[in-house]
>>> print(open('run.csv').read())   # CSV, C-alpha atoms and all ligand atoms
chain,number,residue,atom,x,y,z
A,233,MET,CA,71.7,186.6,122.7
A,234,ASN,CA,71.4,182.9,121.8
A,235,ILE,CA,68.8,181.2,123.9
A,236,THR,CA,71.0,178.3,124.7
A,237,ALA,CA,72.9,180.4,127.2
A,238,LYS,CA,69.7,180.7,129.2
A,239,ILE,CA,69.0,177.0,129.4
A,240,LEU,CA,70.5,175.7,132.6
A,241,ASN,CA,72.3,172.4,132.2
A,242,PRO,CA,70.4,171.0,129.2
A,243,ARG,CA,69.4,167.4,129.8
A,244,VAL,CA,68.9,165.6,126.5
A,245,LYS,CA,67.7,162.0,126.9
A,246,THR,CA,68.2,159.9,123.9
A,247,ASN,CA,66.9,156.5,124.9
A,248,HIS,CA,63.6,155.5,123.3
A,249,ARG,CA,61.6,154.2,126.3
A,250,THR,CA,58.2,152.7,125.6
A,251,GLU,CA,55.9,151.3,128.1
A,252,SER,CA,57.7,153.7,130.4
A,253,ASN,CA,55.0,153.9,133.1
A,254,ASN,CA,54.3,157.3,131.6
A,255,SER,CA,51.3,156.9,129.3
A,256,LEU,CA,52.0,160.3,127.8
A,257,VAL,CA,55.5,159.5,126.7
A,258,ASP,CA,54.3,156.0,125.5
A,259,TYR,CA,51.5,157.6,123.5
A,260,TYR,CA,53.8,160.2,121.7
A,261,THR,CA,56.5,157.6,121.1
A,262,GLU,CA,54.2,155.0,119.6
A,263,ALA,CA,51.6,157.2,117.9
A,264,GLY,CA,53.9,160.1,117.1
A,265,PRO,CA,54.9,158.8,113.6
A,266,ASP,CA,51.2,158.5,112.7
A,267,TYR,CA,50.9,162.3,112.7
A,268,GLU,CA,52.6,162.4,109.3
A,269,PHE,CA,49.3,161.1,108.0
A,270,TRP,CA,47.6,164.2,109.4
A,271,SER,CA,50.4,166.7,108.4
A,272,LYS,CA,53.4,166.3,106.1
A,273,ASN,CA,55.1,168.8,108.3
A,274,PHE,CA,54.2,167.0,111.5
A,275,ASN,CA,51.9,169.7,112.8
A,276,MET,CA,50.3,168.0,115.8
A,277,HIS,CA,47.4,170.4,116.2
A,278,PHE,CA,44.2,171.6,114.5
A,279,GLY,CA,44.3,174.1,111.7
A,280,TYR,CA,43.0,177.7,111.4
A,281,ALA,CA,40.7,178.6,108.5
A,282,GLU,CA,41.1,182.4,108.0
A,283,LYS,CA,40.6,182.9,104.3
A,284,ARG,CA,37.8,181.5,102.2
A,285,TRP,CA,39.8,178.9,100.4
A,286,ASP,CA,41.9,177.8,103.4
A,287,CYS,CA,39.5,175.0,104.1
A,288,LEU,CA,40.5,173.3,100.9
A,289,SER,CA,43.9,172.4,102.2
A,290,ARG,CA,44.5,170.9,105.6
A,291,GLU,CA,48.2,171.7,105.6
A,292,LYS,CA,47.5,175.3,104.8
A,293,MET,CA,45.1,175.5,107.8
A,294,LEU,CA,47.7,173.8,110.0
A,295,GLN,CA,50.4,176.3,108.9
A,296,ARG,CA,48.0,179.1,109.3
A,297,MET,CA,47.6,178.2,113.0
A,298,ASN,CA,51.3,178.5,113.4
A,299,GLU,CA,51.1,181.9,111.7
A,300,VAL,CA,48.3,183.1,114.0
A,301,LEU,CA,50.0,181.9,117.1
A,302,LEU,CA,53.4,183.5,116.2
A,303,LYS,CA,51.7,186.8,115.2
A,304,SER,CA,50.1,187.1,118.7
A,305,LEU,CA,53.6,187.0,120.2
A,306,GLU,CA,54.6,190.3,118.4
A,307,LEU,CA,58.1,189.0,117.8
A,308,LYS,CA,61.1,191.3,117.2
A,309,PRO,CA,64.5,190.4,115.8
A,310,GLY,CA,66.8,189.0,118.5
A,311,ASN,CA,63.9,187.7,120.6
A,312,ASP,CA,64.1,184.4,122.4
A,313,VAL,CA,61.0,182.2,122.2
A,314,VAL,CA,60.1,179.0,124.0
A,315,ASP,CA,57.6,176.5,122.8
A,316,LEU,CA,56.2,174.6,125.8
A,317,GLY,CA,55.4,171.2,124.5
A,318,CYS,CA,56.8,171.4,120.9
A,319,GLY,CA,55.9,168.0,119.5
A,320,LEU,CA,58.0,167.6,116.3
A,321,ALA,CA,58.8,171.3,116.3
A,322,ALA,CA,56.4,172.2,113.5
A,323,THR,CA,55.6,175.6,114.9
A,324,ILE,CA,59.2,176.5,115.6
A,325,ARG,CA,60.4,175.3,112.2
A,326,TYR,CA,57.7,177.5,110.6
A,327,GLY,CA,58.8,180.4,112.9
A,328,ALA,CA,62.5,180.0,112.4
A,329,ARG,CA,62.0,180.4,108.6
A,330,LYS,CA,59.6,183.3,108.9
A,331,TYR,CA,61.6,185.1,111.6
A,332,PRO,CA,65.2,184.3,110.7
A,333,LYS,CA,66.6,186.7,113.4
A,334,THR,CA,64.5,185.2,116.2
A,335,PHE,CA,65.7,182.3,118.3
A,336,PHE,CA,63.3,179.4,118.9
A,337,LYS,CA,63.7,176.7,121.6
A,338,GLY,CA,61.3,173.8,121.8
A,339,ILE,CA,60.7,171.8,125.0
A,340,THR,CA,59.2,168.3,125.0
A,341,ILE,CA,58.9,165.6,127.6
A,342,THR,CA,59.0,162.9,124.9
A,343,PRO,CA,62.6,161.8,124.2
A,344,TRP,CA,61.8,160.4,120.7
A,345,GLN,CA,60.5,163.9,119.7
A,346,VAL,CA,63.8,165.5,120.7
A,347,GLU,CA,65.8,163.5,118.2
A,348,LYS,CA,63.2,163.5,115.4
A,349,SER,CA,62.7,167.3,115.8
A,350,GLN,CA,66.4,168.0,115.6
A,351,GLU,CA,66.6,165.8,112.5
A,352,LEU,CA,63.8,167.8,110.9
A,353,ILE,CA,65.5,171.1,111.9
A,354,ASN,CA,68.8,170.0,110.5
A,355,ARG,CA,67.3,169.0,107.2
A,356,LEU,CA,66.2,172.6,106.8
A,357,ASN,CA,69.6,173.9,108.0
A,358,LEU,CA,67.9,176.2,110.5
A,359,LYS,CA,70.4,177.7,112.9
A,360,ASN,CA,67.9,179.6,115.0
A,361,ALA,CA,65.8,176.6,116.2
A,362,SER,CA,66.5,173.7,118.5
A,363,VAL,CA,64.7,171.3,120.8
A,364,VAL,CA,65.6,170.0,124.2
A,365,TYR,CA,64.1,167.4,126.6
A,366,GLY,CA,62.3,169.0,129.5
A,367,ASP,CA,59.2,169.3,131.6
A,368,TYR,CA,57.3,172.5,131.2
A,369,ALA,CA,56.1,172.2,134.8
A,370,ASN,CA,59.7,172.5,136.0
A,371,LEU,CA,61.7,174.3,133.3
A,372,ASN,CA,65.5,174.4,133.3
A,373,ILE,CA,65.5,178.0,132.2
A,374,GLN,CA,66.6,181.1,134.1
A,375,SER,CA,63.9,183.5,135.4
A,376,ASP,CA,63.1,186.7,133.5
A,377,THR,CA,65.2,185.8,130.4
A,378,ILE,CA,62.7,184.9,127.7
A,379,ASP,CA,60.8,187.3,125.4
A,380,ALA,CA,57.9,185.1,124.4
A,381,ALA,CA,56.5,181.6,125.4
A,382,PHE,CA,53.6,179.6,124.0
A,383,GLY,CA,51.8,176.3,124.3
A,384,LEU,CA,49.9,175.0,121.3
A,385,GLU,CA,47.7,172.0,122.2
A,386,SER,CA,50.3,171.0,124.8
A,387,ILE,CA,49.4,172.6,128.1
A,388,SER,CA,46.2,170.5,128.2
A,389,HIS,CA,48.5,167.6,129.2
A,390,ALA,CA,49.3,169.3,132.6
A,391,GLU,CA,47.6,168.3,135.8
A,392,GLY,CA,44.4,170.0,136.9
A,393,THR,CA,41.9,172.0,135.0
A,394,ASN,CA,43.6,175.3,135.8
A,395,LYS,CA,47.0,174.1,134.4
A,396,THR,CA,48.7,176.1,137.1
A,397,LYS,CA,52.2,174.6,136.9
A,398,PRO,CA,53.1,175.4,133.2
A,399,LEU,CA,51.4,178.8,133.5
A,400,ASN,CA,53.5,179.7,136.6
A,401,GLU,CA,56.6,178.5,134.8
A,402,ALA,CA,55.8,180.6,131.7
A,403,PHE,CA,55.4,183.6,133.9
A,404,ARG,CA,58.7,182.9,135.7
A,405,ILE,CA,60.9,182.6,132.6
A,406,LEU,CA,59.4,185.6,130.8
A,407,LYS,CA,61.0,189.0,131.0
A,408,PRO,CA,58.7,191.8,132.3
A,409,GLY,CA,56.6,192.7,129.2
A,410,GLY,CA,57.2,189.3,127.7
A,411,ARG,CA,54.2,187.7,125.8
A,412,PHE,CA,52.5,184.4,126.4
A,413,THR,CA,49.9,182.6,124.2
A,414,MET,CA,48.1,179.4,124.9
A,415,ILE,CA,45.9,177.7,122.2
A,416,ASP,CA,43.9,174.6,123.0
A,417,GLY,CA,40.6,172.9,123.5
A,418,PHE,CA,38.8,173.8,126.7
A,419,ILE,CA,35.8,172.8,128.8
A,420,LYS,CA,33.4,175.6,129.5
A,421,LYS,CA,32.1,174.2,132.8
A,422,PRO,CA,33.2,171.7,135.4
A,423,GLU,CA,33.3,168.1,134.3
A,424,ARG,CA,30.5,167.2,136.8
A,425,GLU,CA,28.1,169.6,135.0
A,426,LEU,CA,28.6,168.0,131.6
A,427,SER,CA,25.8,165.8,130.3
A,428,ASN,CA,26.3,162.1,130.4
A,429,ALA,CA,26.8,161.9,126.6
A,430,VAL,CA,29.4,164.7,126.5
A,431,LYS,CA,31.1,163.4,129.6
A,432,GLY,CA,31.4,159.9,128.0
A,433,MET,CA,33.0,161.4,124.8
A,434,TYR,CA,35.2,163.8,126.9
A,435,ARG,CA,36.6,161.0,129.0
A,436,LEU,CA,37.2,158.8,126.0
A,437,VAL,CA,39.2,161.6,124.3
A,438,CYS,CA,41.2,162.4,127.5
A,439,GLN,CA,42.1,158.7,128.1
A,440,ASN,CA,43.1,158.1,124.5
A,441,TRP,CA,45.1,161.3,124.0
A,442,ALA,CA,46.8,160.9,127.4
A,443,LEU,CA,45.2,164.0,128.9
A,444,PRO,CA,44.4,164.2,132.6
A,445,SER,CA,41.7,166.7,131.7
A,446,PHE,CA,41.0,169.6,129.3
A,447,PRO,CA,41.8,173.0,130.7
A,448,ASN,CA,38.7,174.9,132.0
A,449,ILE,CA,38.4,178.3,130.3
A,450,ASN,CA,37.2,180.1,133.4
A,451,GLU,CA,39.8,178.6,135.7
A,452,VAL,CA,42.7,179.2,133.3
A,453,VAL,CA,41.8,182.9,132.9
A,454,TYR,CA,41.4,183.2,136.7
A,455,GLU,CA,44.8,181.5,137.2
A,456,LEU,CA,46.5,183.8,134.7
A,457,LYS,CA,45.2,186.8,136.5
A,458,SER,CA,46.2,185.4,139.9
A,459,ILE,CA,49.7,184.6,138.7
A,460,GLY,CA,50.2,188.2,137.6
A,461,PHE,CA,49.6,188.2,133.8
A,462,ARG,CA,48.0,191.3,132.4
A,463,GLU,CA,46.3,192.4,129.2
A,464,ILE,CA,44.7,188.9,129.0
A,465,GLU,CA,42.8,188.5,125.7
A,466,VAL,CA,40.5,185.5,125.3
A,467,ASP,CA,39.4,184.6,121.8
A,468,GLU,CA,37.1,181.7,121.1
A,469,ILE,CA,38.1,180.3,117.7
A,470,SER,CA,36.0,177.1,117.6
A,471,TRP,CA,34.5,178.0,114.2
A,472,LYS,CA,38.0,178.8,112.8
A,473,ILE,CA,39.2,175.3,113.6
A,474,ALA,CA,36.0,173.4,112.7
A,475,PRO,CA,36.9,173.0,109.0
A,476,SER,CA,40.1,171.1,110.0
A,477,ALA,CA,38.4,169.2,112.7
A,478,VAL,CA,36.0,167.8,110.1
A,479,HIS,CA,39.0,166.0,108.6
A,480,ALA,CA,39.8,164.0,111.7
A,481,PRO,CA,37.1,161.2,111.6
A,482,PHE,CA,37.5,160.7,107.8
A,483,LEU,CA,41.3,160.6,108.1
A,484,SER,CA,41.1,158.1,110.9
A,485,LEU,CA,39.0,155.9,108.7
A,486,PHE,CA,41.4,156.2,105.8
A,487,PHE,CA,44.3,155.4,108.1
A,488,LEU,CA,42.5,152.3,109.3
A,489,ILE,CA,41.8,151.1,105.8
A,490,LYS,CA,45.3,151.8,104.6
A,491,SER,CA,46.8,150.0,107.6
A,492,PHE,CA,44.6,147.0,106.9
A,493,PHE,CA,45.7,146.8,103.2
A,494,THR,CA,49.4,147.5,103.9
A,495,GLY,CA,49.5,145.0,106.8
A,496,LYS,CA,50.6,147.6,109.3
A,497,LYS,CA,50.1,146.1,112.8
A,498,LEU,CA,48.5,148.7,115.0
A,499,LYS,CA,49.6,149.0,118.6
A,500,ARG,CA,47.5,150.1,121.5
A,501,GLN,CA,48.7,153.8,121.2
A,502,ASN,CA,47.8,153.8,117.5
A,503,TRP,CA,44.3,152.6,118.3
A,504,ASN,CA,44.0,155.2,121.1
A,505,ASN,CA,44.9,158.0,118.7
A,506,LEU,CA,42.3,156.7,116.2
A,507,LYS,CA,39.6,156.5,118.8
A,508,ALA,CA,40.3,160.1,120.0
A,509,CYS,CA,40.5,161.5,116.5
A,510,PHE,CA,37.2,159.9,115.6
A,511,THR,CA,35.4,161.2,118.7
A,512,ILE,CA,36.8,164.7,119.0
A,513,PHE,CA,34.8,166.0,116.0
A,514,PHE,CA,31.5,164.8,117.6
A,515,LEU,CA,32.6,166.2,121.0
A,516,GLY,CA,33.3,169.6,119.4
A,517,ILE,CA,29.6,169.9,118.3
A,518,PHE,CA,28.6,170.5,122.0
A,519,ARG,CA,29.6,174.1,121.9
A,520,LYS,CA,28.0,175.0,125.3
A,521,SER,CA,30.4,172.5,126.9
A,522,ILE,CA,33.5,172.5,124.8
A,523,GLY,CA,35.4,175.3,122.9
A,524,TYR,CA,38.7,176.0,121.3
A,525,TYR,CA,40.4,179.2,122.5
A,526,LYS,CA,43.4,181.4,121.9
A,527,ILE,CA,44.5,183.2,125.1
A,528,SER,CA,47.2,185.9,124.9
A,529,ALA,CA,48.7,187.7,127.9
A,530,LYS,CA,51.7,189.8,128.9
A,531,LYS,CA,53.9,189.5,132.0
A,601,LIG,C1,49.5,167.5,120.8
A,601,LIG,S1,51.3,167.6,120.9
A,601,LIG,C2,51.4,169.3,120.3
A,601,LIG,C3,52.8,169.5,119.8
A,601,LIG,C4,53.0,170.9,119.1
A,601,LIG,N1,52.7,172.0,120.0
A,601,LIG,C5,52.2,171.0,117.8
A,601,LIG,O1,51.2,171.7,117.9
A,601,LIG,O2,52.6,170.4,116.8
A,601,LIG,C6,51.6,167.8,122.7
A,601,LIG,C7,53.0,168.0,123.1
A,601,LIG,O3,53.2,168.3,124.4
A,601,LIG,C8,54.3,167.7,125.0
A,601,LIG,N2,54.2,167.6,126.5
A,601,LIG,C9,53.2,167.1,127.2
A,601,LIG,N3,53.4,167.3,128.5
A,601,LIG,C10,54.6,167.9,128.6
A,601,LIG,C11,55.4,168.4,129.7
A,601,LIG,N4,55.1,168.2,131.0
A,601,LIG,N5,56.6,169.0,129.4
A,601,LIG,C12,57.0,169.2,128.1
A,601,LIG,N6,56.3,168.8,127.0
A,601,LIG,C13,55.1,168.2,127.3
A,601,LIG,C14,54.3,166.3,124.3
A,601,LIG,O4,55.5,165.7,124.4
A,601,LIG,C15,53.9,166.7,122.9
A,601,LIG,O5,55.1,167.1,122.2
>>> encode(input="run.csv", output="structure tokens", more="lines below")
Ligand SMILES: C[S@@+](CC[C@H](N)C(=O)[O-])C[C@H]1O[C@@H](n2cnc3c(N)ncnc32)[C@H](O)[C@@H]1O
Amino acid sequence: MNITAKILNPRVKTNHRTESNNSLVDYYTEAGPDYEFWSKNFNMHFGYAEKRWDCLSREKMLQRMNEVLLKSLELKPGNDVVDLGCGLAATIRYGARKYPKTFFKGITITPWQVEKSQELINRLNLKNASVVYGDYANLNIQSDTIDAAFGLESISHAEGTNKTKPLNEAFRILKPGGRFTMIDGFIKKPERELSNAVKGMYRLVCQNWALPSFPNINEVVYELKSIGFREIEVDEISWKIAPSAVHAPFLSLFFLIKSFFTGKKLKRQNWNNLKACFTIFFLGIFRKSIGYYKISAKK
């Protein structure tokens, strides 16, 4: 069944609002195009180095992350899959090609990304992928209708360190037995227990990437259990993403130099992205406080 039938009254907003009083939407509207510098396919996440030579190509690592995520969902032909915070639909474009009989629906709260994603999907003539405007904390999707849902570096944008709202929504829309995967950066202890140096970098990254907080690994696992998810598997993959994270500060520097020579005027959100990209690598070194995880679960 086509997934569109399960989306209640799709609300697609097409106006490009900036300075919208929503720092997250402003951030992704202004800094969104910069991600092409990171990934020609607009992958807005870190990469996964699995094979020895993966680390030589950033794009290969980024696509590998999509592969790892989709594999964890154990997709079957005819399945309906929802991407909670799809960015420019890089994962669902990758998935729609690899699994041509599976239906992918991306949800994003950034109106600009809806249009741009749809353009990228149309360019590939993918009939089994689409993107709609929506809030993953309040999804316009019927309960118990979706086979798999995931959030790749997106659920961190939700309120609180347990990210309860999108996790509850994911559970609600999934069919019994449906699979859920969340991949993101996490804090391993409460913010108040971070050292001053780590806390300083952590706050800088949060502010500049429009994150209220990182998810806390213990709280998220507890939350998943409380909601009713079962077969929860937690996999720390910090070392797998490290080779791609190394690219972030260097690329930020190249971006800055290129912007200077091409006369590109950087706006506040472009600077924010640069500052966070530069800092995230150094923050990631503090492995007792920060880690990158893949969490999979079943309804
Ligand atoms: C870092 S990007 C990751 C995008 C994509 N998952 C990827 O890996 O390429 C975070 C995404 O989460 C989306 N997002 C943040 N909060 C959201 C919300 N409440 N509802 C829907 N999307 C949200 C943003 O619009 C953005 O597209």
>>> residues_around(input="run.csv", residues="A:Glu423", least_positions_apart="6", cutoff="12 Å", atoms="only C-alpha atoms", output="ChimeraX atom specification")
/A:392-393,429-435,438,444-448,521-522
>>> residues_near_ligand(input="run.csv", ligand="ligand LIG 601 (chain A)", cutoff="8 Å", atoms="all atoms listed in the file", output="PyMOL selection string")
chain A and resi 256-257+260+274-278+315-323+339-342+345+365-369+383-390+398
>>> closest_residue(input="run.csv", among="A:Phe412, A:Tyr524, A:Tyr259, A:Phe269", to="A:Leu488", atoms="only C-alpha atoms")
A:Phe269
>>> closest_atom_pairs(input="run.csv", of="stretch 457-522 of chain A", to="stretch 285-302 of chain A", cutoff="12 Å", atoms="only C-alpha atoms", output="Markdown table")
| residue | atom | partner | partner_atom | distance |
| --- | --- | --- | --- | --- |
| A:Asp467 | CA | A:Leu301 | CA | 11.9 |
| A:Ile469 | CA | A:Met297 | CA | 10.8 |
| A:Trp471 | CA | A:Cys287 | CA | 11.7 |
| A:Lys472 | CA | A:Met293 | CA | 9.3 |
| A:Ile473 | CA | A:Met293 | CA | 8.3 |
| A:Ala474 | CA | A:Cys287 | CA | 9.4 |
| A:Pro475 | CA | A:Cys287 | CA | 5.9 |
| A:Ser476 | CA | A:Arg290 | CA | 6.2 |
| A:Ala477 | CA | A:Arg290 | CA | 9.5 |
| A:Val478 | CA | A:Cys287 | CA | 10.0 |
| A:His479 | CA | A:Arg290 | CA | 8.0 |
| A:Ala480 | CA | A:Arg290 | CA | 10.3 |
| A:Leu483 | CA | A:Arg290 | CA | 11.1 |
>>> closest_residue(input="run.csv", among="A:Gly264, A:Pro343, A:Pro309, A:Gly516", to="A:Gly417", atoms="all atoms listed in the file")
A:Gly516
>>> atom_distance(input="run.csv", atom1="atom CA of A:Lys397", atom2="atom CA of A:Glu463")
20.3 Å
>>> residues_near_point(input="run.csv", point="(45.3, 185.3, 131.8)", cutoff="12 Å", atoms="all atoms listed in the file", output="ChimeraX atom specification")
/A:394-396,399-400,402-403,411-414,449-467,526-531
>>> closest_residue(input="run.csv", among="A:Asn428, A:Gln439, A:Thr334, A:Asn505", to="A:Lys359", atoms="all atoms listed in the file")
A:Thr334
>>> residues_around(input="run.csv", residues="A:Ser375", least_positions_apart="3", cutoff="9 Å", atoms="only C-alpha atoms", output="PyMOL selection string")
chain A and resi 238+378+401+403-407
>>> atom_distance(input="run.csv", atom1="atom CA of A:Asp416", atom2="atom CA of A:Lys308")
24.7 Å
>>> decode(input="run.csv", residues="stretch 262-286 of chain A", atoms="N, CA and C atoms", output="PDB file, in the first residue's frame")
ATOM      1  N   GLU A 262      19.112  28.704   5.931  1.00  0.00           N
ATOM      2  CA  GLU A 262      20.281  29.491   5.520  1.00  0.00           C
ATOM      3  C   GLU A 262      21.519  28.626   5.277  1.00  0.00           C
ATOM      4  N   ALA A 263      21.756  27.682   6.213  1.00  0.00           N
ATOM      5  CA  ALA A 263      23.002  26.910   6.108  1.00  0.00           C
ATOM      6  C   ALA A 263      22.806  25.625   5.296  1.00  0.00           C
ATOM      7  N   GLY A 264      21.556  25.260   4.995  1.00  0.00           N
ATOM      8  CA  GLY A 264      21.278  23.998   4.278  1.00  0.00           C
ATOM      9  C   GLY A 264      22.098  23.832   3.005  1.00  0.00           C
ATOM     10  N   PRO A 265      22.130  24.866   2.121  1.00  0.00           N
ATOM     11  CA  PRO A 265      22.882  24.695   0.872  1.00  0.00           C
ATOM     12  C   PRO A 265      24.375  24.430   1.110  1.00  0.00           C
ATOM     13  N   ASP A 266      24.928  24.873   2.247  1.00  0.00           N
ATOM     14  CA  ASP A 266      26.360  24.662   2.533  1.00  0.00           C
ATOM     15  C   ASP A 266      26.710  23.175   2.627  1.00  0.00           C
ATOM     16  N   TYR A 267      25.696  22.358   2.938  1.00  0.00           N
ATOM     17  CA  TYR A 267      25.978  20.925   3.123  1.00  0.00           C
ATOM     18  C   TYR A 267      26.453  20.257   1.825  1.00  0.00           C
ATOM     19  N   GLU A 268      26.243  20.940   0.689  1.00  0.00           N
ATOM     20  CA  GLU A 268      26.739  20.362  -0.572  1.00  0.00           C
ATOM     21  C   GLU A 268      28.266  20.299  -0.546  1.00  0.00           C
ATOM     22  N   PHE A 269      28.853  21.199   0.220  1.00  0.00           N
ATOM     23  CA  PHE A 269      30.315  21.211   0.357  1.00  0.00           C
ATOM     24  C   PHE A 269      30.781  19.963   1.113  1.00  0.00           C
ATOM     25  N   TRP A 270      29.933  19.475   2.020  1.00  0.00           N
ATOM     26  CA  TRP A 270      30.217  18.275   2.821  1.00  0.00           C
ATOM     27  C   TRP A 270      29.920  17.012   2.013  1.00  0.00           C
ATOM     28  N   SER A 271      28.824  17.060   1.239  1.00  0.00           N
ATOM     29  CA  SER A 271      28.392  15.853   0.528  1.00  0.00           C
ATOM     30  C   SER A 271      27.686  16.222  -0.765  1.00  0.00           C
ATOM     31  N   LYS A 272      28.153  15.667  -1.874  1.00  0.00           N
ATOM     32  CA  LYS A 272      27.506  16.024  -3.144  1.00  0.00           C
ATOM     33  C   LYS A 272      26.065  15.492  -3.206  1.00  0.00           C
ATOM     34  N   ASN A 273      25.773  14.489  -2.385  1.00  0.00           N
ATOM     35  CA  ASN A 273      24.395  13.964  -2.331  1.00  0.00           C
ATOM     36  C   ASN A 273      23.588  14.570  -1.175  1.00  0.00           C
ATOM     37  N   PHE A 274      24.123  15.618  -0.563  1.00  0.00           N
ATOM     38  CA  PHE A 274      23.451  16.293   0.555  1.00  0.00           C
ATOM     39  C   PHE A 274      23.170  15.357   1.722  1.00  0.00           C
ATOM     40  N   ASN A 275      24.131  14.483   2.045  1.00  0.00           N
ATOM     41  CA  ASN A 275      24.025  13.700   3.270  1.00  0.00           C
ATOM     42  C   ASN A 275      24.354  14.629   4.426  1.00  0.00           C
ATOM     43  N   MET A 276      23.414  14.821   5.331  1.00  0.00           N
ATOM     44  CA  MET A 276      23.623  15.789   6.423  1.00  0.00           C
ATOM     45  C   MET A 276      23.938  15.049   7.725  1.00  0.00           C
ATOM     46  N   HIS A 277      24.871  14.123   7.646  1.00  0.00           N
ATOM     47  CA  HIS A 277      25.234  13.331   8.826  1.00  0.00           C
ATOM     48  C   HIS A 277      26.701  12.922   8.699  1.00  0.00           C
ATOM     49  N   PHE A 278      27.222  12.223   9.730  1.00  0.00           N
ATOM     50  CA  PHE A 278      28.577  11.686   9.657  1.00  0.00           C
ATOM     51  C   PHE A 278      28.573  10.370   8.880  1.00  0.00           C
ATOM     52  N   GLY A 279      29.764   9.978   8.471  1.00  0.00           N
ATOM     53  CA  GLY A 279      29.889   8.754   7.686  1.00  0.00           C
ATOM     54  C   GLY A 279      30.259   7.561   8.549  1.00  0.00           C
ATOM     55  N   TYR A 280      30.194   6.383   7.951  1.00  0.00           N
ATOM     56  CA  TYR A 280      30.475   5.137   8.664  1.00  0.00           C
ATOM     57  C   TYR A 280      31.595   4.425   7.908  1.00  0.00           C
ATOM     58  N   ALA A 281      32.729   4.246   8.599  1.00  0.00           N
ATOM     59  CA  ALA A 281      33.855   3.568   7.941  1.00  0.00           C
ATOM     60  C   ALA A 281      33.813   2.095   8.323  1.00  0.00           C
ATOM     61  N   GLU A 282      33.461   1.250   7.377  1.00  0.00           N
ATOM     62  CA  GLU A 282      33.322  -0.173   7.684  1.00  0.00           C
ATOM     63  C   GLU A 282      34.493  -0.954   7.121  1.00  0.00           C
ATOM     64  N   LYS A 283      34.784  -0.695   5.835  1.00  0.00           N
ATOM     65  CA  LYS A 283      35.884  -1.415   5.204  1.00  0.00           C
ATOM     66  C   LYS A 283      37.146  -0.556   5.254  1.00  0.00           C
ATOM     67  N   ARG A 284      38.279  -1.214   5.090  1.00  0.00           N
ATOM     68  CA  ARG A 284      39.557  -0.542   5.298  1.00  0.00           C
ATOM     69  C   ARG A 284      39.721   0.741   4.471  1.00  0.00           C
ATOM     70  N   TRP A 285      39.268   0.709   3.229  1.00  0.00           N
ATOM     71  CA  TRP A 285      39.524   1.872   2.368  1.00  0.00           C
ATOM     72  C   TRP A 285      38.392   2.891   2.369  1.00  0.00           C
ATOM     73  N   ASP A 286      37.336   2.593   3.141  1.00  0.00           N
ATOM     74  CA  ASP A 286      36.208   3.547   3.197  1.00  0.00           C
ATOM     75  C   ASP A 286      36.675   4.944   3.564  1.00  0.00           C
TER      76      ASP A 286
END
